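**Q** This is my_file.csv, which holds CSV, N, CA and C atoms:
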chain,number,residue,atom,x,y,z
Y,290,MET,N,-1.8,-18.7,-15.6
Y,290,MET,CA,-2.7,-17.6,-16.0
Y,290,MET,C,-2.9,-16.7,-14.8
Y,291,LYS,N,-2.9,-17.2,-13.5
Y,291,LYS,CA,-3.0,-16.4,-12.4
Y,291,LYS,C,-1.9,-15.4,-12.3
Y,292,ILE,N,-0.7,-15.8,-12.5
Y,292,ILE,CA,0.5,-14.9,-12.5
Y,292,ILE,C,0.4,-13.8,-13.5
Y,293,LEU,N,-0.1,-14.1,-14.7
Y,293,LEU,CA,-0.3,-13.1,-15.7
Y,293,LEU,C,-1.3,-12.1,-15.3
Y,294,LEU,N,-2.4,-12.5,-14.7
Y,294,LEU,CA,-3.5,-11.6,-14.2
Y,294,LEU,C,-3.0,-10.7,-13.0
Y,295,ILE,N,-2.2,-11.3,-12.2
Y,295,ILE,CA,-1.6,-10.5,-11.1
Y,295,ILE,C,-0.6,-9.4,-11.7
Y,296,ALA,N,0.2,-9.8,-12.6
Y,296,ALA,CA,1.1,-8.9,-13.3
Y,296,ALA,C,0.3,-7.8,-14.0
Y,297,LEU,N,-0.7,-8.1,-14.7
Y,297,LEU,CA,-1.6,-7.1,-15.4
Y,297,LEU,C,-2.2,-6.2,-14.4
Y,298,ALA,N,-2.8,-6.7,-13.3
Y,298,ALA,CA,-3.4,-5.9,-12.3
Y,298,ALA,C,-2.4,-5.0,-11.6
Y,299,GLY,N,-1.2,-5.5,-11.4
Y,299,GLY,CA,-0.1,-4.7,-10.8
Y,299,GLY,C,0.3,-3.5,-11.7
Y,300,ALA,N,0.3,-3.8,-13.0
Y,300,ALA,CA,0.6,-2.7,-14.0
Y,300,ALA,C,-0.5,-1.7,-13.9
Y,301,ALA,N,-1.7,-2.1,-13.8
Y,301,ALA,CA,-2.9,-1.1,-13.7
Y,301,ALA,C,-2.8,-0.3,-12.5
Y,302,GLY,N,-2.4,-0.9,-11.3
Y,302,GLY,CA,-2.3,-0.2,-10.1
Y,302,GLY,C,-1.1,0.8,-10.1
Y,303,THR,N,0.0,0.4,-10.8
Y,303,THR,CA,1.1,1.3,-10.9
Y,303,THR,C,0.8,2.5,-11.8
Y,304,LEU,N,0.1,2.2,-12.9
Y,304,LEU,CA,-0.3,3.4,-13.7
Y,304,LEU,C,-1.3,4.3,-13.0
Y,305,LEU,N,-2.2,3.8,-12.2
Y,305,LEU,CA,-3.1,4.6,-11.4
Y,305,LEU,C,-2.3,5.4,-10.4
Y,306,ARG,N,-1.4,4.8,-9.8
Y,306,ARG,CA,-0.6,5.5,-8.8
Y,306,ARG,C,0.2,6.7,-9.5
Y,307,TYR,N,0.8,6.4,-10.6
Y,307,TYR,CA,1.5,7.5,-11.3
Y,307,TYR,C,0.6,8.6,-11.7
Y,308,TRP,N,-0.6,8.3,-12.3
Y,308,TRP,CA,-1.5,9.3,-12.8
Y,308,TRP,C,-2.1,10.1,-11.6
Y,309,LEU,N,-2.7,9.4,-10.7
Y,309,LEU,CA,-3.4,10.0,-9.6
Y,309,LEU,C,-2.4,10.9,-8.7
Y,310,GLY,N,-1.3,10.3,-8.4
Y,310,GLY,CA,-0.3,11.0,-7.6
Y,310,GLY,C,0.1,12.3,-8.3
Y,311,GLY,N,0.3,12.2,-9.6
Y,311,GLY,CA,0.7,13.4,-10.4
Y,311,GLY,C,-0.4,14.5,-10.4
Y,312,VAL,N,-1.6,14.0,-10.6
Y,312,VAL,CA,-2.7,15.0,-10.7
Y,312,VAL,C,-2.9,15.7,-9.4
Y,313,VAL,N,-2.9,14.9,-8.3
Y,313,VAL,CA,-3.0,15.6,-7.0
Y,313,VAL,C,-1.9,16.5,-6.6
Y,314,GLN,N,-0.7,16.1,-6.9
Y,314,GLN,CA,0.5,16.9,-6.6
Y,314,GLN,C,0.5,18.2,-7.4
Y,315,ARG,N,0.2,18.1,-8.7
Y,315,ARG,CA,0.1,19.3,-9.5
Y,315,ARG,C,-1.0,20.3,-9.0
Y,316,SER,N,-2.1,19.7,-8.5
Y,316,SER,CA,-3.2,20.5,-8.0
Y,316,SER,C,-2.9,21.2,-6.7
Y,317,ALA,N,-2.2,20.4,-5.8
Y,317,ALA,CA,-2.0,20.9,-4.4
Y,317,ALA,C,-0.7,21.7,-4.2
Y,318,GLY,N,0.2,21.6,-5.2
Y,318,GLY,CA,1.5,22.3,-5.0
Y,318,GLY,C,2.6,21.3,-4.4
Y,319,VAL,N,3.8,21.8,-4.3
Y,319,VAL,CA,4.9,20.9,-4.0
Y,319,VAL,C,5.4,21.0,-2.6
Y,320,SER,N,4.7,21.7,-1.7
Y,320,SER,CA,5.2,21.9,-0.4
Y,320,SER,C,5.1,20.7,0.5
Y,321,PHE,N,4.2,19.8,0.1
Y,321,PHE,CA,4.0,18.5,0.9
Y,321,PHE,C,3.7,17.4,-0.1
Y,322,PRO,N,4.0,16.2,0.2
Y,322,PRO,CA,3.8,15.1,-0.8
Y,322,PRO,C,2.3,14.7,-0.8
Y,323,TRP,N,1.4,15.6,-1.2
Y,323,TRP,CA,0.0,15.3,-1.2
Y,323,TRP,C,-0.4,14.2,-2.2
Y,324,GLY,N,0.4,14.0,-3.3
Y,324,GLY,CA,0.1,13.0,-4.3
Y,324,GLY,C,0.3,11.6,-3.7
Y,325,THR,N,1.4,11.4,-3.0
Y,325,THR,CA,1.6,10.1,-2.3
Y,325,THR,C,0.6,9.9,-1.2
Y,326,PHE,N,0.3,10.9,-0.4
Y,326,PHE,CA,-0.7,10.8,0.6
Y,326,PHE,C,-2.0,10.4,0.0
Y,327,ALA,N,-2.5,11.0,-1.0
Y,327,ALA,CA,-3.8,10.7,-1.7
Y,327,ALA,C,-3.8,9.2,-2.1
Y,328,VAL,N,-2.7,8.8,-2.8
Y,328,VAL,CA,-2.6,7.4,-3.3
Y,328,VAL,C,-2.7,6.4,-2.1
Y,329,ASN,N,-1.9,6.7,-1.1
Y,329,ASN,CA,-1.8,5.8,0.1
Y,329,ASN,C,-3.2,5.7,0.8
Y,330,MET,N,-3.9,6.8,0.9
Y,330,MET,CA,-5.2,6.8,1.6
Y,330,MET,C,-6.2,6.1,0.8
Y,331,LEU,N,-6.2,6.4,-0.5
Y,331,LEU,CA,-7.1,5.6,-1.4
Y,331,LEU,C,-6.8,4.1,-1.4
Y,332,GLY,N,-5.6,3.8,-1.3
Y,332,GLY,CA,-5.2,2.4,-1.2
Y,332,GLY,C,-5.7,1.7,0.1
Y,333,CYS,N,-5.7,2.5,1.2
Y,333,CYS,CA,-6.2,1.9,2.4
Y,333,CYS,C,-7.7,1.7,2.4
Y,334,PHE,N,-8.4,2.7,1.8
Y,334,PHE,CA,-9.8,2.6,1.7
Y,334,PHE,C,-10.2,1.4,0.8
Y,335,LEU,N,-9.6,1.3,-0.4
Y,335,LEU,CA,-9.9,0.2,-1.3
Y,335,LEU,C,-9.6,-1.1,-0.7
Y,336,PHE,N,-8.4,-1.2,0.0
Y,336,PHE,CA,-8.1,-2.5,0.6
Y,336,PHE,C,-9.1,-2.9,1.6
Y,337,GLY,N,-9.6,-2.0,2.4
Y,337,GLY,CA,-10.6,-2.3,3.4
Y,337,GLY,C,-11.9,-2.7,2.7
Y,338,LEU,N,-12.3,-2.0,1.7
Y,338,LEU,CA,-13.5,-2.3,0.9
Y,338,LEU,C,-13.5,-3.6,0.3
Y,339,ILE,N,-12.4,-3.9,-0.4
Y,339,ILE,CA,-12.3,-5.2,-1.1
Y,339,ILE,C,-12.2,-6.4,-0.1
Y,340,TRP,N,-11.5,-6.2,1.0
Y,340,TRP,CA,-11.4,-7.2,2.0
Y,340,TRP,C,-12.8,-7.5,2.6
Y,341,SER,N,-13.5,-6.5,2.9
Y,341,SER,CA,-14.8,-6.6,3.5
Y,341,SER,C,-15.8,-7.3,2.5
Y,342,LEU,N,-15.8,-6.9,1.3
Y,342,LEU,CA,-16.7,-7.5,0.3
Y,342,LEU,C,-16.3,-9.0,0.1
Y,343,ALA,N,-15.0,-9.3,0.2
Y,343,ALA,CA,-14.6,-10.7,0.0
Y,343,ALA,C,-14.9,-11.6,1.3
Y,344,GLU,N,-14.6,-11.0,2.4
Y,344,GLU,CA,-14.8,-11.8,3.7
Y,344,GLU,C,-16.2,-11.8,4.2
Y,345,GLU,N,-16.9,-10.7,4.2
Y,345,GLU,CA,-18.2,-10.6,4.8
Y,345,GLU,C,-19.4,-10.9,3.9
Y,346,ARG,N,-19.2,-10.6,2.6
Y,346,ARG,CA,-20.3,-10.7,1.7
Y,346,ARG,C,-20.1,-11.7,0.6
Y,347,MET,N,-18.9,-12.3,0.6
Y,347,MET,CA,-18.5,-13.3,-0.4
Y,347,MET,C,-18.8,-12.8,-1.8
Y,348,ALA,N,-18.7,-11.5,-2.0
Y,348,ALA,CA,-18.9,-10.9,-3.3
Y,348,ALA,C,-17.7,-11.1,-4.3
Y,349,ILE,N,-16.6,-11.4,-3.7
Y,349,ILE,CA,-15.4,-11.6,-4.5
Y,349,ILE,C,-14.7,-12.9,-4.1
Y,350,SER,N,-14.4,-13.7,-5.1
Y,350,SER,CA,-13.8,-15.0,-4.9
Y,350,SER,C,-12.4,-14.9,-4.4
Y,351,ALA,N,-11.9,-15.9,-3.7
Y,351,ALA,CA,-10.5,-15.9,-3.2
Y,351,ALA,C,-9.5,-15.6,-4.3
Y,352,GLU,N,-9.7,-16.2,-5.5
Y,352,GLU,CA,-8.7,-16.0,-6.5
Y,352,GLU,C,-8.7,-14.6,-7.0
Y,353,VAL,N,-9.9,-14.0,-7.2
Y,353,VAL,CA,-10.0,-12.6,-7.7
Y,353,VAL,C,-9.5,-11.7,-6.6
Y,354,ARG,N,-9.7,-12.0,-5.3
Y,354,ARG,CA,-9.2,-11.2,-4.2
Y,354,ARG,C,-7.7,-11.1,-4.3
Y,355,ILE,N,-7.0,-12.2,-4.5
Y,355,ILE,CA,-5.6,-12.2,-4.6
Y,355,ILE,C,-5.1,-11.4,-5.8
Y,356,ILE,N,-5.8,-11.5,-6.9
Y,356,ILE,CA,-5.4,-10.7,-8.1
Y,356,ILE,C,-5.5,-9.2,-7.7
Y,357,ILE,N,-6.6,-8.9,-7.1
Y,357,ILE,CA,-6.8,-7.4,-6.8
Y,357,ILE,C,-5.9,-7.0,-5.7
Y,358,LEU,N,-5.8,-7.7,-4.6
Y,358,LEU,CA,-5.0,-7.2,-3.4
Y,358,LEU,C,-3.5,-7.3,-3.6
Y,359,VAL,N,-3.1,-8.4,-4.2
Y,359,VAL,CA,-1.6,-8.6,-4.4
Y,359,VAL,C,-1.2,-7.8,-5.7
Y,360,GLY,N,-2.0,-8.0,-6.8
Y,360,GLY,CA,-1.6,-7.4,-8.0
Y,360,GLY,C,-1.9,-5.9,-8.1
Y,361,PHE,N,-3.2,-5.5,-8.1
Y,361,PHE,CA,-3.6,-4.1,-8.3
Y,361,PHE,C,-3.1,-3.3,-7.1
Y,362,MET,N,-3.5,-3.7,-5.9
Y,362,MET,CA,-3.1,-3.0,-4.7
Y,362,MET,C,-1.6,-2.9,-4.5
Y,363,GLY,N,-0.9,-4.0,-4.8
Y,363,GLY,CA,0.5,-4.0,-4.7
Y,363,GLY,C,1.2,-3.0,-5.6
Y,364,GLY,N,0.6,-2.8,-6.8
Y,364,GLY,CA,1.1,-1.8,-7.7
Y,364,GLY,C,0.7,-0.4,-7.3
Y,365,LEU,N,-0.5,-0.3,-6.7
Y,365,LEU,CA,-1.0,1.0,-6.3
Y,365,LEU,C,-0.2,1.5,-5.1
Y,366,THR,N,-0.1,0.6,-4.0
Y,366,THR,CA,0.6,1.0,-2.8
Y,366,THR,C,0.7,-0.2,-1.9
Y,367,THR,N,1.9,-0.4,-1.3
Y,367,THR,CA,2.0,-1.4,-0.3
Y,367,THR,C,1.7,-0.8,1.1
Y,368,PHE,N,1.5,0.5,1.2
Y,368,PHE,CA,1.2,1.1,2.4
Y,368,PHE,C,-0.1,0.5,3.0
Y,369,SER,N,-1.1,0.3,2.0
Y,369,SER,CA,-2.3,-0.3,2.5
Y,369,SER,C,-2.2,-1.6,3.1
Y,370,SER,N,-1.2,-2.5,2.7
Y,370,SER,CA,-1.0,-3.7,3.3
Y,370,SER,C,-0.4,-3.5,4.7
Y,371,PHE,N,0.5,-2.6,4.9
Y,371,PHE,CA,1.1,-2.3,6.2
Y,371,PHE,C,0.0,-1.8,7.1
Y,372,VAL,N,-0.9,-1.0,6.7
Y,372,VAL,CA,-2.0,-0.5,7.5
Y,372,VAL,C,-3.0,-1.6,7.9
Y,373,PHE,N,-3.3,-2.5,6.9
Y,373,PHE,CA,-4.2,-3.6,7.1
Y,373,PHE,C,-3.6,-4.5,8.2
Y,374,GLU,N,-2.4,-4.9,8.0
Y,374,GLU,CA,-1.7,-5.8,9.0
Y,374,GLU,C,-1.7,-5.2,10.4
Y,375,THR,N,-1.4,-3.9,10.4
Y,375,THR,CA,-1.3,-3.2,11.7
Y,375,THR,C,-2.7,-3.2,12.3
Y,376,GLY,N,-3.7,-2.9,11.5
Y,376,GLY,CA,-5.1,-2.9,12.0
Y,376,GLY,C,-5.6,-4.2,12.5
Y,377,ALA,N,-5.1,-5.3,11.8
Y,377,ALA,CA,-5.5,-6.7,12.3
Y,377,ALA,C,-4.9,-6.9,13.7
Y,378,LEU,N,-3.6,-6.5,13.9
Y,378,LEU,CA,-3.0,-6.6,15.2
Y,378,LEU,C,-3.9,-5.8,16.3
Y,379,MET,N,-4.3,-4.6,15.9
Y,379,MET,CA,-5.1,-3.8,16.8
Y,379,MET,C,-6.5,-4.5,17.1
Y,380,ARG,N,-7.1,-5.0,16.0
Y,380,ARG,CA,-8.4,-5.7,16.2
Y,380,ARG,C,-8.2,-6.9,17.1
Y,381,ASP,N,-7.1,-7.5,17.1
Y,381,ASP,CA,-6.9,-8.7,18.0
Y,381,ASP,C,-6.3,-8.3,19.3
Y,382,SER,N,-6.3,-7.0,19.6
Y,382,SER,CA,-5.8,-6.4,20.9
Y,382,SER,C,-4.4,-6.7,21.1
Y,383,GLN,N,-3.6,-6.8,20.1
Y,383,GLN,CA,-2.1,-7.0,20.2
Y,383,GLN,C,-1.5,-5.7,20.0
Y,384,TRP,N,-1.7,-4.8,21.0
Y,384,TRP,CA,-1.3,-3.4,20.9
Y,384,TRP,C,0.2,-3.2,20.9
Y,385,ALA,N,0.9,-4.0,21.6
Y,385,ALA,CA,2.4,-3.8,21.6
Y,385,ALA,C,2.9,-4.2,20.2
Y,386,LEU,N,2.4,-5.2,19.7
Y,386,LEU,CA,2.9,-5.6,18.3
Y,386,LEU,C,2.4,-4.6,17.3
Y,387,ALA,N,1.2,-4.1,17.4
Y,387,ALA,CA,0.7,-3.1,16.5
Y,387,ALA,C,1.6,-1.8,16.5
Y,388,PHE,N,1.8,-1.3,17.7
Y,388,PHE,CA,2.6,-0.1,17.8
Y,388,PHE,C,4.1,-0.4,17.5
Y,389,GLY,N,4.5,-1.6,17.8
Y,389,GLY,CA,5.9,-2.0,17.5
Y,389,GLY,C,6.1,-2.0,16.0
Y,390,ASN,N,5.1,-2.5,15.3
Y,390,ASN,CA,5.1,-2.6,13.8
Y,390,ASN,C,5.2,-1.2,13.2
Y,391,ILE,N,4.4,-0.3,13.7
Y,391,ILE,CA,4.4,1.1,13.3
Y,391,ILE,C,5.8,1.7,13.4
Y,392,ALA,N,6.3,1.6,14.6
Y,392,ALA,CA,7.6,2.1,14.9
Y,392,ALA,C,8.7,1.4,14.1
Y,393,LEU,N,8.7,0.1,14.1
Y,393,LEU,CA,9.7,-0.6,13.4
Y,393,LEU,C,9.7,-0.3,11.9
Y,394,GLU,N,8.6,-0.4,11.3
Y,394,GLU,CA,8.5,-0.1,9.8
Y,394,GLU,C,8.9,1.3,9.5
Y,395,ASN,N,8.5,2.3,10.2
Y,395,ASN,CA,8.8,3.7,9.9
Y,395,ASN,C,10.3,4.0,10.2
Y,396,ILE,N,10.7,3.7,11.4
Y,396,ILE,CA,12.1,4.0,11.8
Y,396,ILE,C,13.1,3.2,10.9
Y,397,THR,N,12.9,1.9,10.8
Y,397,THR,CA,13.8,1.1,10.0
Y,397,THR,C,13.8,1.6,8.5
Y,398,GLY,N,12.6,1.9,8.0
Y,398,GLY,CA,12.5,2.4,6.6
Y,398,GLY,C,13.3,3.6,6.4
Y,399,LEU,N,13.2,4.6,7.4
Y,399,LEU,CA,13.9,5.8,7.3
Y,399,LEU,C,15.4,5.6,7.4
Y,400,VAL,N,15.8,4.7,8.3
Y,400,VAL,CA,17.3,4.4,8.5
Y,400,VAL,C,17.8,3.8,7.2
Y,401,LEU,N,17.1,2.8,6.6
Y,401,LEU,CA,17.5,2.2,5.4
Y,401,LEU,C,17.5,3.1,4.2
Y,402,LEU,N,16.6,4.0,4.2
Y,402,LEU,CA,16.6,5.0,3.1
Y,402,LEU,C,17.9,5.8,3.1
Y,403,PHE,N,18.3,6.3,4.3
Y,403,PHE,CA,19.5,7.1,4.4
Y,403,PHE,C,20.8,6.2,4.2
Y,404,LEU,N,20.7,5.0,4.6
Y,404,LEU,CA,21.8,4.0,4.3
Y,404,LEU,C,22.0,3.8,2.8
Y,405,GLY,N,20.8,3.7,2.2
Y,405,GLY,CA,20.8,3.6,0.7
Y,405,GLY,C,21.4,4.8,0.0
Y,406,PHE,N,21.0,6.0,0.5
Y,406,PHE,CA,21.6,7.2,0.0
Y,406,PHE,C,23.2,7.2,0.2
Y,407,ALA,N,23.6,6.8,1.4
Y,407,ALA,CA,25.0,6.8,1.7
Y,407,ALA,C,25.7,5.7,0.8
Y,408,ALA,N,25.1,4.6,0.6
Y,408,ALA,CA,25.7,3.5,-0.2
Y,408,ALA,C,25.8,4.0,-1.7
Y,409,GLY,N,24.8,4.7,-2.1
Y,409,GLY,CA,24.8,5.2,-3.5
Y,409,GLY,C,25.9,6.2,-3.7
Y,410,ARG,N,26.2,7.0,-2.7
Y,410,ARG,CA,27.2,8.0,-2.8
Y,410,ARG,C,28.6,7.4,-2.8
Y,411,MET,N,28.7,6.2,-2.2
Y,411,MET,CA,30.0,5.6,-2.1
Y,411,MET,C,30.4,4.7,-3.3
Y,412,LEU,N,29.4,4.4,-4.1
Y,412,LEU,CA,29.6,3.6,-5.3
Y,412,LEU,C,30.2,4.3,-6.5
Show me the file's structure as structure tokens.
**A**
Amino acid sequence: MKILLIALAGAAGTLLRYWLGGVVQRSAGVSFPWGTFAVNMLGCFLFGLIWSLAEERMAISAEVRIIILVGFMGGLTTFSSFVFETGALMRDSQWALAFGNIALENITGLVLLFLGFAAGRML
């Protein structure tokens, strides 16, 4: 049952990402990816809010937290997980690891994107 709830929450997050990203992008124009930016920033805020409610106020059970954070937030954006994990490293004063994570995720992601482009052209 938990797997089904995670999948349904993921579908809801995906649909919200598609709708919200499209609305923002159409409103802002195409010169910058504002739709993606809006979705990622909303995801970061919601991740922090949900985590805080679950951890500090116990307003959300551990099972519901997993359904929301893994399912819904995973469908909405994984950027929020990246930011949360980097923030946790910063909170623990693990600055080198935090900035290393930022650099590694972004640089490796861009390199792999272009490698994927190249592989797709060769197939």
**Q** Within 6 Å of region 299-309 of chain Y, which residues of region 313-342 of chain Y come that close, and what is the closest atom pair and distance in Å for each? Count all atoms listed in the file and give it as CSV.
**A**
residue,atom,partner,partner_atom,distance
Y:Val313,N,Y:Leu309,C,4.1
Y:Gln314,N,Y:Leu309,C,5.8
Y:Gly324,CA,Y:Leu309,C,5.5
**Q** If you count only C-alpha atoms, which residues fall within 8 Å of Ala298 (chain Y), apart from same-chain ones fewer than 3 positions away, as a list in words?
**A**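 Near neighbours after the sequence-gap exclusion: Leu294, Ile295, Ala301, Gly302, Ile356, Ile357, Gly360, Phe361 and Gly364 of chain Y.
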**Q** With N, CA and C atoms retained, write the just-selected residues as a PDB file, keeping the file's coordinate frame.
**A**
ATOM      1  N   LEU Y 294      -2.400 -12.500 -14.700  1.00  0.00           N
ATOM      2  CA  LEU Y 294      -3.500 -11.600 -14.200  1.00  0.00           C
ATOM      3  C   LEU Y 294      -3.000 -10.700 -13.000  1.00  0.00           C
ATOM      4  N   ILE Y 295      -2.200 -11.300 -12.200  1.00  0.00           N
ATOM      5  CA  ILE Y 295      -1.600 -10.500 -11.100  1.00  0.00           C
ATOM      6  C   ILE Y 295      -0.600  -9.400 -11.700  1.00  0.00           C
ATOM      7  N   ALA Y 301      -1.700  -2.100 -13.800  1.00  0.00           N
ATOM      8  CA  ALA Y 301      -2.900  -1.100 -13.700  1.00  0.00           C
ATOM      9  C   ALA Y 301      -2.800  -0.300 -12.500  1.00  0.00           C
ATOM     10  N   GLY Y 302      -2.400  -0.900 -11.300  1.00  0.00           N
ATOM     11  CA  GLY Y 302      -2.300  -0.200 -10.100  1.00  0.00           C
ATOM     12  C   GLY Y 302      -1.100   0.800 -10.100  1.00  0.00           C
ATOM     13  N   ILE Y 356      -5.800 -11.500  -6.900  1.00  0.00           N
ATOM     14  CA  ILE Y 356      -5.400 -10.700  -8.100  1.00  0.00           C
ATOM     15  C   ILE Y 356      -5.500  -9.200  -7.700  1.00  0.00           C
ATOM     16  N   ILE Y 357      -6.600  -8.900  -7.100  1.00  0.00           N
ATOM     17  CA  ILE Y 357      -6.800  -7.400  -6.800  1.00  0.00           C
ATOM     18  C   ILE Y 357      -5.900  -7.000  -5.700  1.00  0.00           C
ATOM     19  N   GLY Y 360      -2.000  -8.000  -6.800  1.00  0.00           N
ATOM     20  CA  GLY Y 360      -1.600  -7.400  -8.000  1.00  0.00           C
ATOM     21  C   GLY Y 360      -1.900  -5.900  -8.100  1.00  0.00           C
ATOM     22  N   PHE Y 361      -3.200  -5.500  -8.100  1.00  0.00           N
ATOM     23  CA  PHE Y 361      -3.600  -4.100  -8.300  1.00  0.00           C
ATOM     24  C   PHE Y 361      -3.100  -3.300  -7.100  1.00  0.00           C
ATOM     25  N   GLY Y 364       0.600  -2.800  -6.800  1.00  0.00           N
ATOM     26  CA  GLY Y 364       1.100  -1.800  -7.700  1.00  0.00           C
ATOM     27  C   GLY Y 364       0.700  -0.400  -7.300  1.00  0.00           C
TER      28      GLY Y 364
END
**Q** Hey, what's within 8 Å of region 327-335 of chain Y if we count only C-alpha atoms and toss same-chain stuff fewer than 4 positions away? As a VMD selection string, please?
**A** chain Y and resid 306 309 to 310 313 323 339 362 365 to 366 368 to 370 372 to 373
**Q** Save out the residues we just selected, N, CA and C atoms, as an mmCIF file, keeping the file's coordinate frame.
**A**
data_model
loop_
_atom_site.group_PDB
_atom_site.id
_atom_site.type_symbol
_atom_site.label_atom_id
_atom_site.label_comp_id
_atom_site.auth_asym_id
_atom_site.auth_seq_id
_atom_site.Cartn_x
_atom_site.Cartn_y
_atom_site.Cartn_z
ATOM 1 N N ARG Y 306 -1.400 4.800 -9.800
ATOM 2 C CA ARG Y 306 -0.600 5.500 -8.800
ATOM 3 C C ARG Y 306 0.200 6.700 -9.500
ATOM 4 N N LEU Y 309 -2.700 9.400 -10.700
ATOM 5 C CA LEU Y 309 -3.400 10.000 -9.600
ATOM 6 C C LEU Y 309 -2.400 10.900 -8.700
ATOM 7 N N GLY Y 310 -1.300 10.300 -8.400
ATOM 8 C CA GLY Y 310 -0.300 11.000 -7.600
ATOM 9 C C GLY Y 310 0.100 12.300 -8.300
ATOM 10 N N VAL Y 313 -2.900 14.900 -8.300
ATOM 11 C CA VAL Y 313 -3.000 15.600 -7.000
ATOM 12 C C VAL Y 313 -1.900 16.500 -6.600
ATOM 13 N N TRP Y 323 1.400 15.600 -1.200
ATOM 14 C CA TRP Y 323 0.000 15.300 -1.200
ATOM 15 C C TRP Y 323 -0.400 14.200 -2.200
ATOM 16 N N ILE Y 339 -12.400 -3.900 -0.400
ATOM 17 C CA ILE Y 339 -12.300 -5.200 -1.100
ATOM 18 C C ILE Y 339 -12.200 -6.400 -0.100
ATOM 19 N N MET Y 362 -3.500 -3.700 -5.900
ATOM 20 C CA MET Y 362 -3.100 -3.000 -4.700
ATOM 21 C C MET Y 362 -1.600 -2.900 -4.500
ATOM 22 N N LEU Y 365 -0.500 -0.300 -6.700
ATOM 23 C CA LEU Y 365 -1.000 1.000 -6.300
ATOM 24 C C LEU Y 365 -0.200 1.500 -5.100
ATOM 25 N N THR Y 366 -0.100 0.600 -4.000
ATOM 26 C CA THR Y 366 0.600 1.000 -2.800
ATOM 27 C C THR Y 366 0.700 -0.200 -1.900
ATOM 28 N N PHE Y 368 1.500 0.500 1.200
ATOM 29 C CA PHE Y 368 1.200 1.100 2.400
ATOM 30 C C PHE Y 368 -0.100 0.500 3.000
ATOM 31 N N SER Y 369 -1.100 0.300 2.000
ATOM 32 C CA SER Y 369 -2.300 -0.300 2.500
ATOM 33 C C SER Y 369 -2.200 -1.600 3.100
ATOM 34 N N SER Y 370 -1.200 -2.500 2.700
ATOM 35 C CA SER Y 370 -1.000 -3.700 3.300
ATOM 36 C C SER Y 370 -0.400 -3.500 4.700
ATOM 37 N N VAL Y 372 -0.900 -1.000 6.700
ATOM 38 C CA VAL Y 372 -2.000 -0.500 7.500
ATOM 39 C C VAL Y 372 -3.000 -1.600 7.900
ATOM 40 N N PHE Y 373 -3.300 -2.500 6.900
ATOM 41 C CA PHE Y 373 -4.200 -3.600 7.100
ATOM 42 C C PHE Y 373 -3.600 -4.500 8.200
#
**Q** Just the number, please: distance in Å from atom N of Asn390 (chain Y) to atom N of Thr367 (chain Y), one decimal.
**A** 17.0 Å
**Q** To one decimal in Å, tell me the separation between CA of Leu401 (chain Y) and CA of Gly318 (chain Y).
**A** 27.7 Å
**Q** How far is it from atom C of Glu352 (chain Y) to CA of Lys291 (chain Y), in Å with one decimal?
**A** 8.1 Å
**Q** Only N, CA and C atoms, as a PDB file, in the first residue's frame: that is what I want for region 392-404 of chain Y.
**A**
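Output file result.pdb is given in full below:
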ATOM      1  N   ALA Y 392      29.494  21.754  -6.448  1.00  0.00           N
ATOM      2  CA  ALA Y 392      30.333  21.708  -7.650  1.00  0.00           C
ATOM      3  C   ALA Y 392      30.189  20.369  -8.371  1.00  0.00           C
ATOM      4  N   LEU Y 393      30.270  19.291  -7.617  1.00  0.00           N
ATOM      5  CA  LEU Y 393      30.224  17.955  -8.220  1.00  0.00           C
ATOM      6  C   LEU Y 393      28.896  17.707  -8.928  1.00  0.00           C
ATOM      7  N   GLU Y 394      27.786  18.007  -8.255  1.00  0.00           N
ATOM      8  CA  GLU Y 394      26.467  17.769  -8.853  1.00  0.00           C
ATOM      9  C   GLU Y 394      26.280  18.601 -10.121  1.00  0.00           C
ATOM     10  N   ASN Y 395      26.635  19.869 -10.060  1.00  0.00           N
ATOM     11  CA  ASN Y 395      26.401  20.750 -11.202  1.00  0.00           C
ATOM     12  C   ASN Y 395      27.350  20.478 -12.354  1.00  0.00           C
ATOM     13  N   ILE Y 396      28.641  20.374 -12.078  1.00  0.00           N
ATOM     14  CA  ILE Y 396      29.609  20.145 -13.149  1.00  0.00           C
ATOM     15  C   ILE Y 396      29.414  18.758 -13.755  1.00  0.00           C
ATOM     16  N   THR Y 397      29.276  17.737 -12.915  1.00  0.00           N
ATOM     17  CA  THR Y 397      29.077  16.383 -13.434  1.00  0.00           C
ATOM     18  C   THR Y 397      27.768  16.301 -14.209  1.00  0.00           C
ATOM     19  N   GLY Y 398      26.727  16.937 -13.693  1.00  0.00           N
ATOM     20  CA  GLY Y 398      25.446  16.935 -14.398  1.00  0.00           C
ATOM     21  C   GLY Y 398      25.549  17.540 -15.778  1.00  0.00           C
ATOM     22  N   LEU Y 399      26.241  18.673 -15.876  1.00  0.00           N
ATOM     23  CA  LEU Y 399      26.411  19.307 -17.190  1.00  0.00           C
ATOM     24  C   LEU Y 399      27.253  18.452 -18.125  1.00  0.00           C
ATOM     25  N   VAL Y 400      28.332  17.884 -17.610  1.00  0.00           N
ATOM     26  CA  VAL Y 400      29.179  17.018 -18.442  1.00  0.00           C
ATOM     27  C   VAL Y 400      28.376  15.825 -18.946  1.00  0.00           C
ATOM     28  N   LEU Y 401      27.605  15.190 -18.055  1.00  0.00           N
ATOM     29  CA  LEU Y 401      26.821  14.027 -18.465  1.00  0.00           C
ATOM     30  C   LEU Y 401      25.698  14.404 -19.427  1.00  0.00           C
ATOM     31  N   LEU Y 402      25.135  15.575 -19.265  1.00  0.00           N
ATOM     32  CA  LEU Y 402      24.134  16.049 -20.216  1.00  0.00           C
ATOM     33  C   LEU Y 402      24.724  16.098 -21.618  1.00  0.00           C
ATOM     34  N   PHE Y 403      25.896  16.717 -21.748  1.00  0.00           N
ATOM     35  CA  PHE Y 403      26.515  16.833 -23.067  1.00  0.00           C
ATOM     36  C   PHE Y 403      27.014  15.492 -23.584  1.00  0.00           C
ATOM     37  N   LEU Y 404      27.451  14.602 -22.685  1.00  0.00           N
ATOM     38  CA  LEU Y 404      27.807  13.242 -23.107  1.00  0.00           C
ATOM     39  C   LEU Y 404      26.583  12.496 -23.620  1.00  0.00           C
TER      40      LEU Y 404
END
